[in-house]
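Structure below is protein-v2.csv: CSV, C-alpha atoms.
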```
chain,number,residue,atom,x,y,z
Q,11,ASP,CA,116.0,171.0,175.5
Q,12,TYR,CA,113.0,172.0,177.6
Q,13,GLN,CA,114.6,171.5,181.0
Q,14,THR,CA,117.6,173.7,179.9
Q,15,ALA,CA,115.2,176.4,178.7
Q,16,ILE,CA,113.4,176.3,182.1
Q,17,LYS,CA,116.7,176.7,183.9
Q,18,MET,CA,117.9,179.5,181.7
Q,19,GLY,CA,114.5,181.3,182.1
Q,20,LEU,CA,114.6,181.0,185.9
Q,21,ALA,CA,118.3,182.1,186.1
Q,22,ARG,CA,117.6,185.1,184.0
Q,23,TYR,CA,114.7,186.1,186.2
Q,24,LEU,CA,116.5,185.5,189.4
Q,25,ILE,CA,120.0,186.8,188.9
Q,26,VAL,CA,120.0,189.2,185.9
Q,27,PRO,CA,119.2,192.8,186.8
Q,28,TYR,CA,117.1,195.2,184.7
Q,29,ALA,CA,120.3,196.6,183.1
Q,30,GLY,CA,121.5,193.4,181.4
Q,31,ASP,CA,125.0,194.8,180.8
Q,32,ASP,CA,125.6,194.7,184.5
Q,33,ALA,CA,125.9,191.0,184.2
Q,34,PHE,CA,129.0,191.5,181.9
Q,35,THR,CA,130.8,193.2,184.8
Q,36,LEU,CA,130.0,190.3,187.1
Q,37,LYS,CA,131.1,187.9,184.5
Q,38,ALA,CA,134.5,189.7,184.3
Q,39,LEU,CA,134.7,189.6,188.1
Q,40,LYS,CA,133.9,185.9,188.3
Q,41,ASN,CA,136.8,185.2,185.9
Q,42,LEU,CA,139.2,186.6,188.5
Q,43,ASN,CA,140.9,184.0,190.7
Q,44,PRO,CA,143.2,185.7,193.3
Q,45,SER,CA,144.0,182.4,195.1
Q,46,LYS,CA,145.8,181.3,191.9
Q,47,PHE,CA,147.1,184.8,191.1
Q,48,ASP,CA,144.9,184.9,188.1
Q,49,PHE,CA,143.7,188.4,187.6
Q,50,ASP,CA,142.6,188.1,183.9
Q,51,PRO,CA,139.0,189.3,183.6
Q,52,ASP,CA,138.8,187.8,180.1
Q,53,TYR,CA,136.5,190.7,179.2
Q,54,TYR,CA,138.3,193.9,178.0
Q,55,PHE,CA,135.6,196.3,177.0
Q,56,TYR,CA,135.6,197.6,180.6
Q,57,GLY,CA,139.1,198.7,181.6
Q,58,GLY,CA,141.0,197.4,184.6
Q,59,GLY,CA,140.6,200.7,186.5
Q,60,PHE,CA,136.9,199.8,186.7
Q,61,ILE,CA,137.0,196.0,187.0
Q,62,TYR,CA,139.7,195.9,189.7
Q,63,THR,CA,138.1,198.7,191.7
Q,64,CYS,CA,134.8,196.7,191.7
Q,65,ALA,CA,136.7,193.6,192.7
Q,66,ALA,CA,138.4,195.4,195.6
Q,67,ALA,CA,135.0,196.8,196.8
Q,68,LEU,CA,133.4,193.3,196.7
Q,69,PHE,CA,136.4,191.8,198.6
Q,70,ILE,CA,136.2,194.4,201.3
Q,71,ALA,CA,132.4,194.1,201.6
Q,72,ASP,CA,132.8,190.3,201.8
Q,73,LYS,CA,135.3,190.6,204.6
Q,74,LEU,CA,132.9,193.0,206.5
Q,75,ASN,CA,130.1,190.5,206.0
Q,76,LEU,CA,128.1,193.0,204.0
Q,77,ILE,CA,127.7,190.5,201.1
Q,78,GLU,CA,128.5,186.8,200.6
Q,79,LEU,CA,130.8,185.9,197.7
Q,80,VAL,CA,130.4,182.3,196.4
Q,81,ASN,CA,131.8,181.2,193.1
Q,82,LYS,CA,128.7,179.0,192.3
Q,83,VAL,CA,125.7,180.3,190.4
Q,84,GLU,CA,123.5,177.8,192.2
Q,85,PHE,CA,124.0,179.6,195.5
Q,86,TYR,CA,122.6,182.8,194.0
Q,87,LEU,CA,119.7,181.0,192.3
Q,88,GLU,CA,118.7,179.7,195.8
Q,89,LYS,CA,119.3,183.1,197.4
Q,90,PRO,CA,118.7,185.8,194.8
Q,91,ASN,CA,118.7,188.5,197.5
Q,92,GLU,CA,122.5,187.9,197.8
Q,93,ILE,CA,123.2,188.7,194.2
Q,94,GLY,CA,120.9,191.7,194.7
Q,95,LYS,CA,123.2,193.0,197.4
Q,96,ILE,CA,126.2,192.7,195.1
Q,97,TYR,CA,124.5,194.6,192.3
Q,98,LEU,CA,123.4,197.3,194.8
Q,99,LEU,CA,126.8,197.7,196.2
Q,100,LEU,CA,128.4,198.1,192.8
Q,101,ARG,CA,125.8,200.6,191.8
Q,102,TYR,CA,126.6,202.6,194.9
Q,103,LEU,CA,130.2,202.5,193.9
Q,104,VAL,CA,129.4,203.9,190.5
Q,105,ILE,CA,127.2,206.6,192.0
Q,106,PHE,CA,130.0,207.5,194.4
Q,107,PHE,CA,132.6,208.0,191.6
Q,108,THR,CA,130.1,209.9,189.5
Q,109,SER,CA,129.4,212.2,192.4
Q,110,LEU,CA,133.1,212.7,192.9
Q,111,GLY,CA,133.3,213.6,189.2
Q,112,VAL,CA,130.6,216.3,189.5
Q,113,LEU,CA,132.6,217.7,192.5
Q,114,LEU,CA,135.7,217.8,190.4
Q,115,LEU,CA,133.8,219.5,187.6
Q,116,PHE,CA,133.0,222.2,190.1
Q,117,ILE,CA,136.7,222.5,190.9
Q,118,VAL,CA,137.8,222.6,187.2
Q,119,SER,CA,135.1,225.2,186.5
Q,120,ARG,CA,136.6,227.4,189.2
Q,121,GLU,CA,139.9,227.1,187.5
Q,122,ILE,CA,138.3,228.7,184.4
Q,123,GLY,CA,135.6,231.0,185.8
Q,124,GLY,CA,133.9,232.2,189.0
Q,125,ILE,CA,131.8,230.5,191.6
Q,126,PHE,CA,128.5,231.1,189.8
Q,127,PHE,CA,129.9,229.5,186.7
Q,128,SER,CA,131.0,226.5,188.8
Q,129,TYR,CA,127.5,226.0,190.2
Q,130,LEU,CA,125.9,226.4,186.7
Q,131,SER,CA,128.3,224.0,185.0
Q,132,SER,CA,127.8,221.3,187.7
Q,133,PHE,CA,124.0,221.8,187.5
Q,134,LEU,CA,123.9,221.3,183.8
Q,135,LEU,CA,125.8,218.0,184.1
Q,136,LEU,CA,123.6,216.9,187.0
Q,137,ILE,CA,120.3,217.5,185.2
Q,138,ASN,CA,121.6,215.8,182.1
Q,139,PRO,CA,119.4,212.6,181.5
Q,140,GLU,CA,122.5,210.7,180.5
Q,141,THR,CA,123.9,211.3,184.0
Q,142,ILE,CA,120.9,209.5,185.5
Q,143,ALA,CA,121.2,206.6,183.1
Q,144,SER,CA,125.0,206.1,183.3
Q,145,SER,CA,125.2,206.4,187.1
Q,146,HIS,CA,122.6,203.7,187.6
Q,147,ALA,CA,124.4,201.0,185.7
Q,148,ILE,CA,127.4,199.0,186.7
Q,149,GLU,CA,129.6,200.3,183.8
Q,150,PRO,CA,132.6,202.5,183.6
Q,151,HIS,CA,131.0,205.3,181.6
Q,152,SER,CA,130.3,207.8,184.4
Q,153,PHE,CA,132.6,206.0,186.9
Q,154,VAL,CA,135.6,207.4,184.8
Q,155,LEU,CA,134.5,211.0,185.1
Q,156,PRO,CA,136.8,212.0,188.1
Q,157,PHE,CA,139.9,210.6,186.4
Q,158,PHE,CA,139.0,212.3,183.1
Q,159,LEU,CA,138.5,215.6,184.8
Q,160,LEU,CA,141.7,215.3,186.8
Q,161,ALA,CA,143.5,214.8,183.5
Q,162,ILE,CA,141.8,218.0,182.2
Q,163,PHE,CA,142.7,219.9,185.5
Q,164,PHE,CA,146.4,219.1,185.2
Q,165,SER,CA,146.4,219.8,181.5
Q,166,LEU,CA,145.1,223.3,182.3
Q,167,LYS,CA,147.8,223.6,185.0
Q,168,PHE,CA,150.5,222.6,182.5
Q,169,LEU,CA,149.2,225.0,179.9
Q,170,LYS,CA,149.5,227.8,182.4
Q,171,THR,CA,152.8,226.9,184.2
Q,172,LYS,CA,154.7,224.5,181.9
Q,173,LYS,CA,155.9,222.5,184.9
Q,174,ASP,CA,156.9,218.9,184.3
Q,175,LEU,CA,155.0,217.7,187.3
Q,176,ASN,CA,151.7,218.9,185.9
Q,177,LEU,CA,152.6,217.3,182.5
Q,178,ILE,CA,153.3,213.9,184.2
Q,179,LEU,CA,150.2,214.1,186.3
Q,180,PHE,CA,148.2,214.9,183.1
Q,181,GLY,CA,149.7,211.8,181.5
Q,182,LEU,CA,149.1,209.6,184.6
Q,183,PHE,CA,145.4,210.6,184.9
Q,184,SER,CA,145.0,210.2,181.1
Q,185,GLY,CA,146.3,206.7,181.5
Q,186,ILE,CA,143.9,205.9,184.3
Q,187,ALA,CA,140.9,207.4,182.5
Q,188,ILE,CA,141.7,205.5,179.2
Q,189,GLY,CA,142.6,202.4,181.2
Q,190,THR,CA,139.2,202.6,182.9
Q,191,GLN,CA,137.1,203.4,179.8
Q,192,ILE,CA,138.9,202.8,176.6
Q,193,THR,CA,136.8,205.2,174.6
Q,194,SER,CA,138.2,208.1,176.7
Q,195,VAL,CA,141.2,207.9,174.3
Q,196,TYR,CA,140.2,211.2,172.8
Q,197,LEU,CA,141.8,212.8,175.9
Q,198,VAL,CA,145.1,212.7,174.0
Q,199,PHE,CA,143.8,215.4,171.7
Q,200,VAL,CA,144.3,217.9,174.6
Q,201,PHE,CA,148.0,217.0,174.5
Q,202,PHE,CA,148.1,217.5,170.8
Q,203,TYR,CA,146.5,220.9,171.1
Q,204,ILE,CA,149.1,221.9,173.7
Q,205,GLN,CA,151.8,220.9,171.3
Q,206,TYR,CA,150.2,222.8,168.5
Q,207,LYS,CA,150.4,225.9,170.8
Q,208,ASN,CA,154.0,225.1,171.5
Q,209,PHE,CA,154.7,224.9,167.8
Q,210,THR,CA,153.0,228.2,167.0
Q,211,ASN,CA,155.0,229.7,169.9
Q,212,HIS,CA,158.2,228.5,168.2
Q,213,LEU,CA,159.2,225.9,170.9
Q,214,SER,CA,162.1,223.8,169.7
Q,215,PHE,CA,161.5,220.4,168.3
Q,216,LYS,CA,163.7,219.0,171.0
Q,217,GLU,CA,161.5,220.5,173.8
Q,218,ILE,CA,158.3,219.3,172.0
Q,219,SER,CA,159.8,215.8,171.8
Q,220,LYS,CA,160.6,215.8,175.5
Q,221,GLU,CA,157.1,216.7,176.4
Q,222,PHE,CA,155.8,214.0,174.0
Q,223,PHE,CA,158.0,211.4,175.7
Q,224,LYS,CA,157.0,212.4,179.2
Q,225,TYR,CA,153.3,212.5,178.6
Q,226,PHE,CA,153.0,209.2,176.7
Q,227,ILE,CA,155.4,207.3,178.9
Q,228,SER,CA,153.4,208.4,181.9
Q,229,LEU,CA,150.1,207.5,180.2
Q,230,LEU,CA,151.3,204.0,179.0
Q,231,ILE,CA,152.9,203.0,182.3
Q,232,VAL,CA,149.8,203.5,184.3
Q,233,PHE,CA,147.6,202.1,181.5
Q,234,PHE,CA,149.4,198.8,181.4
Q,235,ILE,CA,149.7,198.6,185.2
Q,236,ILE,CA,145.9,198.5,185.5
Q,237,ASN,CA,145.5,196.6,182.2
Q,238,PRO,CA,148.4,194.1,182.3
Q,239,TYR,CA,146.5,191.5,180.2
Q,240,PHE,CA,146.4,193.8,177.3
Q,241,ILE,CA,150.0,192.6,176.9
Q,242,ILE,CA,149.9,189.2,178.5
Q,243,ASN,CA,146.8,188.0,176.7
Q,244,TYR,CA,146.8,190.3,173.7
Q,245,HIS,CA,145.3,187.7,171.4
Q,246,SER,CA,142.1,187.6,173.5
Q,247,VAL,CA,142.0,191.4,173.8
Q,248,ILE,CA,142.1,191.6,170.0
Q,249,GLU,CA,139.4,189.0,169.7
Q,250,ASN,CA,137.2,190.8,172.2
Q,251,PHE,CA,137.4,194.0,170.3
Q,252,PHE,CA,136.6,192.4,167.0
Q,253,ILE,CA,133.5,190.8,168.6
Q,254,GLY,CA,132.5,194.2,170.0
Q,255,ILE,CA,132.9,195.9,166.6
Q,256,ASN,CA,130.7,193.2,165.0
Q,257,ASN,CA,128.1,193.7,167.8
Q,258,LEU,CA,128.0,197.4,167.2
Q,259,ASP,CA,127.9,197.0,163.4
Q,260,VAL,CA,130.4,199.8,163.1
Q,261,ASN,CA,131.4,198.4,159.7
Q,262,ASN,CA,128.2,199.6,158.2
Q,263,GLN,CA,128.4,203.3,159.0
Q,264,SER,CA,125.3,204.1,156.9
Q,265,ASN,CA,123.2,202.6,159.7
Q,266,ASN,CA,124.7,205.1,162.2
Q,267,PHE,CA,123.3,208.1,160.2
Q,268,ASN,CA,119.8,206.7,159.5
Q,269,LYS,CA,118.6,208.4,162.7
Q,270,PHE,CA,120.2,210.9,165.0
Q,271,TRP,CA,119.7,209.7,168.6
Q,272,ALA,CA,121.3,212.5,170.7
Q,273,SER,CA,118.1,214.5,171.1
Q,274,TYR,CA,116.5,211.4,172.7
Q,275,GLN,CA,119.5,210.6,174.8
Q,276,ILE,CA,120.2,214.0,176.4
Q,277,SER,CA,116.9,215.8,175.4
Q,278,ILE,CA,116.4,218.3,172.5
Q,279,PHE,CA,116.9,221.3,174.9
Q,280,LEU,CA,120.3,220.2,176.1
Q,281,LEU,CA,121.4,219.2,172.6
Q,282,LEU,CA,120.6,222.6,171.2
Q,283,LEU,CA,122.2,224.3,174.2
Q,284,PHE,CA,125.4,222.3,173.7
Q,285,LEU,CA,125.6,222.9,170.0
Q,286,ILE,CA,125.0,226.7,170.4
Q,287,SER,CA,127.6,226.8,173.2
Q,288,PHE,CA,130.1,225.0,171.0
Q,289,ILE,CA,129.6,227.4,168.1
Q,290,TYR,CA,129.6,230.5,170.4
Q,291,SER,CA,132.7,229.4,172.3
Q,292,TYR,CA,134.6,228.7,169.0
Q,293,LEU,CA,133.6,232.1,167.5
Q,294,PHE,CA,133.7,234.4,170.5
Q,295,LEU,CA,135.7,232.9,173.4
Q,296,LYS,CA,139.4,233.2,172.7
Q,297,ASP,CA,140.9,232.2,176.1
Q,298,GLU,CA,143.5,229.5,175.7
Q,299,LYS,CA,141.7,227.4,178.4
Q,300,ILE,CA,138.5,227.4,176.4
Q,301,ARG,CA,140.4,226.5,173.2
Q,302,LEU,CA,141.9,223.5,175.1
Q,303,LEU,CA,138.4,222.3,176.0
Q,304,LEU,CA,137.2,222.8,172.5
Q,305,SER,CA,140.0,220.4,171.3
Q,306,LEU,CA,138.0,217.5,172.9
Q,307,ILE,CA,134.7,218.2,171.2
Q,308,LEU,CA,135.2,217.0,167.6
Q,309,PRO,CA,137.1,213.8,168.6
Q,310,SER,CA,134.3,212.9,171.0
Q,311,ILE,CA,131.6,213.5,168.4
Q,312,LEU,CA,133.6,211.3,166.0
Q,313,ILE,CA,133.8,208.5,168.5
Q,314,TYR,CA,130.1,208.9,169.2
Q,315,PHE,CA,129.2,208.3,165.6
Q,316,LEU,CA,131.8,205.6,164.9
Q,317,LEU,CA,130.6,203.5,167.8
Q,318,GLY,CA,126.9,203.6,166.9
Q,319,GLN,CA,125.7,206.8,168.6
Q,320,ILE,CA,126.0,205.3,172.1
Q,321,MET,CA,126.3,208.4,174.3
Q,322,GLN,CA,127.7,206.5,177.4
Q,323,TYR,CA,130.9,205.9,175.5
Q,324,VAL,CA,131.7,209.6,175.5
Q,325,TYR,CA,129.8,210.5,178.7
Q,326,SER,CA,132.8,212.6,180.0
Q,327,SER,CA,132.5,214.9,177.1
Q,328,LEU,CA,129.1,216.0,178.4
Q,329,ALA,CA,131.0,217.6,181.3
Q,330,ILE,CA,133.0,219.6,178.7
Q,331,PHE,CA,129.8,220.6,177.0
Q,332,SER,CA,128.4,221.7,180.4
Q,333,LEU,CA,131.4,223.9,181.0
Q,334,LEU,CA,131.0,225.5,177.6
Q,335,SER,CA,127.3,226.0,178.0
Q,336,GLY,CA,127.8,227.6,181.4
Q,337,LEU,CA,130.3,230.1,179.9
Q,338,THR,CA,127.9,230.8,177.0
Q,339,ILE,CA,125.0,231.5,179.3
Q,340,ILE,CA,127.0,233.8,181.6
Q,341,ASN,CA,128.4,235.7,178.7
Q,342,ILE,CA,125.0,236.2,177.1
Q,343,LEU,CA,123.4,237.2,180.5
Q,344,LYS,CA,126.1,239.9,180.9
Q,345,LYS,CA,124.7,241.7,177.8
Q,346,PHE,CA,121.1,241.7,179.0
Q,347,THR,CA,119.2,244.2,181.2
Q,348,LYS,CA,117.6,242.9,184.4
Q,349,THR,CA,114.2,242.4,182.7
Q,350,LYS,CA,115.7,240.5,179.8
Q,351,LYS,CA,117.7,238.3,182.2
Q,352,LEU,CA,114.4,237.3,184.0
Q,353,ILE,CA,112.8,236.5,180.6
Q,354,PHE,CA,115.9,234.5,179.6
Q,355,ILE,CA,116.0,232.5,182.8
Q,356,SER,CA,112.3,231.8,182.7
Q,357,LEU,CA,112.5,230.6,179.1
Q,358,PHE,CA,115.5,228.5,180.0
Q,359,PHE,CA,113.8,226.6,182.7
Q,360,CYS,CA,110.5,226.2,180.8
Q,361,LEU,CA,112.3,224.7,177.8
Q,362,PHE,CA,114.2,222.4,180.2
Q,363,PHE,CA,111.2,221.0,181.9
Q,364,ILE,CA,109.2,220.6,178.6
Q,365,SER,CA,112.2,218.8,177.0
Q,366,THR,CA,112.7,216.6,180.1
Q,367,ILE,CA,109.1,215.5,180.0
Q,368,THR,CA,109.3,214.7,176.3
Q,369,ARG,CA,112.4,212.6,176.8
Q,370,SER,CA,110.8,210.7,179.7
Q,371,PHE,CA,107.8,209.9,177.4
Q,372,PHE,CA,110.3,208.6,174.8
Q,373,TYR,CA,111.8,206.3,177.5
Q,374,TYR,CA,108.4,205.0,178.3
Q,375,MET,CA,107.6,204.3,174.7
Q,376,ASN,CA,110.9,202.8,173.6
Q,377,TYR,CA,112.5,201.3,176.7
Q,378,ILE,CA,109.7,199.2,178.0
Q,379,TYR,CA,111.8,196.1,177.5
Q,380,ASP,CA,113.0,194.8,180.9
Q,381,ASN,CA,114.9,191.6,181.5
Q,382,LYS,CA,112.9,190.8,184.7
Q,383,LEU,CA,109.6,191.4,182.9
Q,384,VAL,CA,110.5,189.3,179.9
Q,385,ALA,CA,111.9,186.5,182.0
Q,386,SER,CA,108.9,186.5,184.4
Q,387,ASN,CA,106.4,186.4,181.5
Q,388,TRP,CA,108.3,183.4,180.0
Q,389,VAL,CA,108.3,181.6,183.4
Q,390,ASN,CA,104.6,182.2,183.8
Q,391,LYS,CA,103.8,180.9,180.3
Q,392,ASN,CA,106.0,177.8,180.4
Q,393,ILE,CA,106.2,176.6,184.0
Q,394,GLU,CA,103.3,175.2,185.8
```
Using the file provided, produce a representation of the structure as structure tokens.
Amino acid sequence: DYQTAIKMGLARYLIVPYAGDDAFTLKALKNLNPSKFDFDPDYYFYGGGFIYTCAAALFIADKLNLIELVNKVEFYLEKPNEIGKIYLLLRYLVIFFTSLGVLLLFIVSREIGGIFFSYLSSFLLLINPETIASSHAIEPHSFVLPFFLLAIFFSLKFLKTKKDLNLILFGLFSGIAIGTQITSVYLVFVFFYIQYKNFTNHLSFKEISKEFFKYFISLLIVFFIINPYFIINYHSVIENFFIGINNLDVNNQSNNFNKFWASYQISIFLLLLFLISFIYSYLFLKDEKIRLLLSLILPSILIYFLLGQIMQYVYSSLAIFSLLSGLTIINILKKFTKTKKLIFISLFFCLFFISTITRSFFYYMNYIYDNKLVASNWVNKNIE
């Protein structure tokens, strides 16, 4: 009725942020009831690694009187600034973990190349428009980056040393990453690549089976520790995922190929750079570490298309593309004279700035929808 519509309009204006999906995180947090030992978020698209970290941050902030937690929406309708504090705190949390991920990218880069390569790879990820978008929403997509990169780090260590500890740590951080953002499941292809190398090096089936057992047991143990309701409430988990599939319309794959969105999401310049670096790395860089990183590319692209070309779902793969791009640029620069290097660097930055401006214009034209703006317009038209 009219009164209900008024209340919903006001509620949307007062307590829903500009990024509407942020409200899903708060809905999951609201479903937790620690006093009754009920830790079921009843929302499983965002993994427990993300939801429970957010819950812990809010609990600590509440105890420090930084925010006020009240399990009644009416309180926040009367004091919308309080819900604003919660949104802001959780966004700071996401930015912190994203920044930690960029730092770990620097460390992983040093495992592969030199110091200049580390700075260049980190820079390419930082300037990526998707980094800005993902780090300013209360979602696990960039939040998961440090765990994803720690899994990569220990996979590289295991590839080099074959120590069980590195394999187990690779499995544990894979479990945390997948248990934080389910679409990070393509991490397991790194393990399959390592086993492919073992097979070509004539490692016995028994040894391969042992590594398989150690990796997946480590992964599954930590995954279910941070996502216990995937077992306890598996019926709701399955129902949630079917709802998500229907919302994404992934059953009609033809819609996913009507238009290619990556050039708008990460800019034409970075898209071309990433594609060139992937092809260059595959053709000319034969180092085993690079081959390991390449094993992630095709699975992440497949997930990207299967899930409706939503770049955030495979955000961590952009760190891998940044690594490959850094290597490609450095290898190309080594073949140039000083004059050609200056021309190349100048052209690089010119294309970057032109492409960034183009994408910003696209955002202006296509993302003018804003929850606050729509709700305020409705309130102005319907409430005297």
Checklist entry - Separation of CA of Ile122 (chain Q) and CA of Phe158 (chain Q), in Å? => result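 Going from CA of Ile122 (chain Q) over to CA of Phe158 (chain Q) covers 16.5 Å.
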Checklist entry - Q:Leu74, Q:Ser332, Q:Lys391, Q:Asp32: which is nearest Phe116 (chain Q), counting all atoms listed in the file? => result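 Looking at the shortest contact to Phe116 (chain Q), the residue is Q:Ser332.
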Checklist outcome for this item: Atom pair CA of Ser132 (chain Q) + CA of Phe294 (chain Q), distance 22.4 Å
Shell around region 275-281 of chain Q at 7 Å using all atoms listed in the file, local window under 3 positions removed, as a PDB file with C-alpha atoms, in the frame of the given file:
```
ATOM      1  CA  ASN Q 138     121.600 215.800 182.100  1.00  0.00           C
ATOM      2  CA  PRO Q 139     119.400 212.600 181.500  1.00  0.00           C
ATOM      3  CA  GLU Q 140     122.500 210.700 180.500  1.00  0.00           C
ATOM      4  CA  TRP Q 271     119.700 209.700 168.600  1.00  0.00           C
ATOM      5  CA  ALA Q 272     121.300 212.500 170.700  1.00  0.00           C
ATOM      6  CA  PHE Q 284     125.400 222.300 173.700  1.00  0.00           C
ATOM      7  CA  LEU Q 285     125.600 222.900 170.000  1.00  0.00           C
ATOM      8  CA  LEU Q 361     112.300 224.700 177.800  1.00  0.00           C
ATOM      9  CA  PHE Q 362     114.200 222.400 180.200  1.00  0.00           C
ATOM     10  CA  SER Q 365     112.200 218.800 177.000  1.00  0.00           C
ATOM     11  CA  THR Q 366     112.700 216.600 180.100  1.00  0.00           C
ATOM     12  CA  ARG Q 369     112.400 212.600 176.800  1.00  0.00           C
TER      13      ARG Q 369
END
```
Checklist entry - Counting all atoms listed in the file, which of Q:Phe359, Q:Phe55, Q:Phe240, Q:Tyr225 gets nearest to Leu175 (chain Q)? => result Q:Tyr225
Checklist entry - Quick one, how far is CA of Thr171 (chain Q) from CA of Phe201 (chain Q)? => result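 So the two atoms, CA of Thr171 (chain Q) and CA of Phe201 (chain Q), lie 14.7 Å apart.
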Next on the checklist: Considering only C-alpha atoms, can you say which of Q:Phe209, Q:Thr35, Q:Leu155, Q:Glu149 comes closest to Leu113 (chain Q)?
Outcome noted: Q:Leu155
Next on the checklist: Report as JSON, numbers by chain all protein, DNA and RNA residues lying within 10 Å of region 59-66 of chain Q, evaluated on all atoms listed in the file, omitting residues in the same chain fewer than 3 positions from it.
Outcome noted: {"Q": [35, 36, 38, 39, 40, 42, 49, 51, 53, 54, 56, 69, 70, 71, 72, 99, 100, 101, 103, 104, 148, 149, 150, 151, 153, 154, 157, 185, 186, 187, 188, 189, 190, 191, 232, 233, 235, 236, 237]}
Checklist entry - Hey, what's within 10 Å of Val83 (chain Q) if we count only C-alpha atoms and toss same-chain stuff fewer than 6 positions away? As a ChimeraX atom specification, please? => result /Q:21,25,89-90,93
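In terms of minimum interatomic distance to Phe34 (chain Q), Q:Ala147 ranks closest within Q:Ala147, Q:Leu295, Q:Ile339, Q:Leu213, counting all atoms listed in the file.
The shortest atom-to-atom distance to Val324 (chain Q), with all atoms listed in the file taken into account, belongs to Q:Ile311 out of Q:Leu169, Q:Leu352, Q:Ile178, Q:Ile311.
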Next on the checklist: Taking all atoms listed in the file into account, name the residue in Q:Lys37, Q:Lys167, Q:Lys46, Q:His245 that is nearest to Leu302 (chain Q).
Outcome noted: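 Answer, going by the shortest atom-to-atom distance: Q:Lys167.
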Next on the checklist: Given the point (140.2, 182.2, 178.1) in the coordinates of this file, which residues lie within 9 Å, counting all atoms listed in the file, and how would they look as a ChimeraX atom specification?
Outcome noted: /Q:50,52,243,246
Export of region 193-208 of chain Q: N, CA and C atoms, as a PDB file, in the first residue's frame:
```pdb
ATOM      1  N   THR Q 193      34.509 -17.927  -6.170  1.00  0.00           N
ATOM      2  CA  THR Q 193      34.967 -17.954  -7.556  1.00  0.00           C
ATOM      3  C   THR Q 193      36.485 -18.019  -7.687  1.00  0.00           C
ATOM      4  N   SER Q 194      37.208 -17.968  -6.570  1.00  0.00           N
ATOM      5  CA  SER Q 194      38.664 -18.163  -6.603  1.00  0.00           C
ATOM      6  C   SER Q 194      39.033 -19.632  -6.747  1.00  0.00           C
ATOM      7  N   VAL Q 195      38.043 -20.465  -7.030  1.00  0.00           N
ATOM      8  CA  VAL Q 195      38.262 -21.911  -7.140  1.00  0.00           C
ATOM      9  C   VAL Q 195      39.261 -22.257  -8.233  1.00  0.00           C
ATOM     10  N   TYR Q 196      39.469 -21.363  -9.191  1.00  0.00           N
ATOM     11  CA  TYR Q 196      40.425 -21.657 -10.265  1.00  0.00           C
ATOM     12  C   TYR Q 196      41.870 -21.755  -9.753  1.00  0.00           C
ATOM     13  N   LEU Q 197      42.090 -21.407  -8.488  1.00  0.00           N
ATOM     14  CA  LEU Q 197      43.411 -21.604  -7.878  1.00  0.00           C
ATOM     15  C   LEU Q 197      43.875 -23.057  -7.954  1.00  0.00           C
ATOM     16  N   VAL Q 198      42.925 -23.992  -7.932  1.00  0.00           N
ATOM     17  CA  VAL Q 198      43.320 -25.412  -7.926  1.00  0.00           C
ATOM     18  C   VAL Q 198      44.031 -25.799  -9.214  1.00  0.00           C
ATOM     19  N   PHE Q 199      43.879 -25.010 -10.286  1.00  0.00           N
ATOM     20  CA  PHE Q 199      44.559 -25.338 -11.540  1.00  0.00           C
ATOM     21  C   PHE Q 199      46.072 -25.188 -11.409  1.00  0.00           C
ATOM     22  N   VAL Q 200      46.521 -24.384 -10.458  1.00  0.00           N
ATOM     23  CA  VAL Q 200      47.958 -24.304 -10.184  1.00  0.00           C
ATOM     24  C   VAL Q 200      48.464 -25.650  -9.699  1.00  0.00           C
ATOM     25  N   PHE Q 201      47.696 -26.257  -8.791  1.00  0.00           N
ATOM     26  CA  PHE Q 201      48.080 -27.582  -8.285  1.00  0.00           C
ATOM     27  C   PHE Q 201      48.089 -28.610  -9.413  1.00  0.00           C
ATOM     28  N   PHE Q 202      47.081 -28.554 -10.290  1.00  0.00           N
ATOM     29  CA  PHE Q 202      47.039 -29.505 -11.407  1.00  0.00           C
ATOM     30  C   PHE Q 202      48.228 -29.299 -12.352  1.00  0.00           C
ATOM     31  N   TYR Q 203      48.649 -28.042 -12.512  1.00  0.00           N
ATOM     32  CA  TYR Q 203      49.831 -27.789 -13.350  1.00  0.00           C
ATOM     33  C   TYR Q 203      51.073 -28.429 -12.718  1.00  0.00           C
ATOM     34  N   ILE Q 204      51.210 -28.275 -11.396  1.00  0.00           N
ATOM     35  CA  ILE Q 204      52.365 -28.860 -10.706  1.00  0.00           C
ATOM     36  C   ILE Q 204      52.363 -30.378 -10.866  1.00  0.00           C
ATOM     37  N   GLN Q 205      51.182 -30.990 -10.793  1.00  0.00           N
ATOM     38  CA  GLN Q 205      51.108 -32.442 -10.963  1.00  0.00           C
ATOM     39  C   GLN Q 205      51.389 -32.862 -12.399  1.00  0.00           C
ATOM     40  N   TYR Q 206      51.014 -32.000 -13.334  1.00  0.00           N
ATOM     41  CA  TYR Q 206      51.372 -32.269 -14.733  1.00  0.00           C
ATOM     42  C   TYR Q 206      52.896 -32.292 -14.879  1.00  0.00           C
ATOM     43  N   LYS Q 207      53.575 -31.334 -14.241  1.00  0.00           N
ATOM     44  CA  LYS Q 207      55.042 -31.310 -14.274  1.00  0.00           C
ATOM     45  C   LYS Q 207      55.609 -32.556 -13.596  1.00  0.00           C
ATOM     46  N   ASN Q 208      55.000 -32.964 -12.487  1.00  0.00           N
ATOM     47  CA  ASN Q 208      55.446 -34.185 -11.813  1.00  0.00           C
ATOM     48  C   ASN Q 208      55.330 -35.394 -12.734  1.00  0.00           C
TER      49      ASN Q 208
END
```
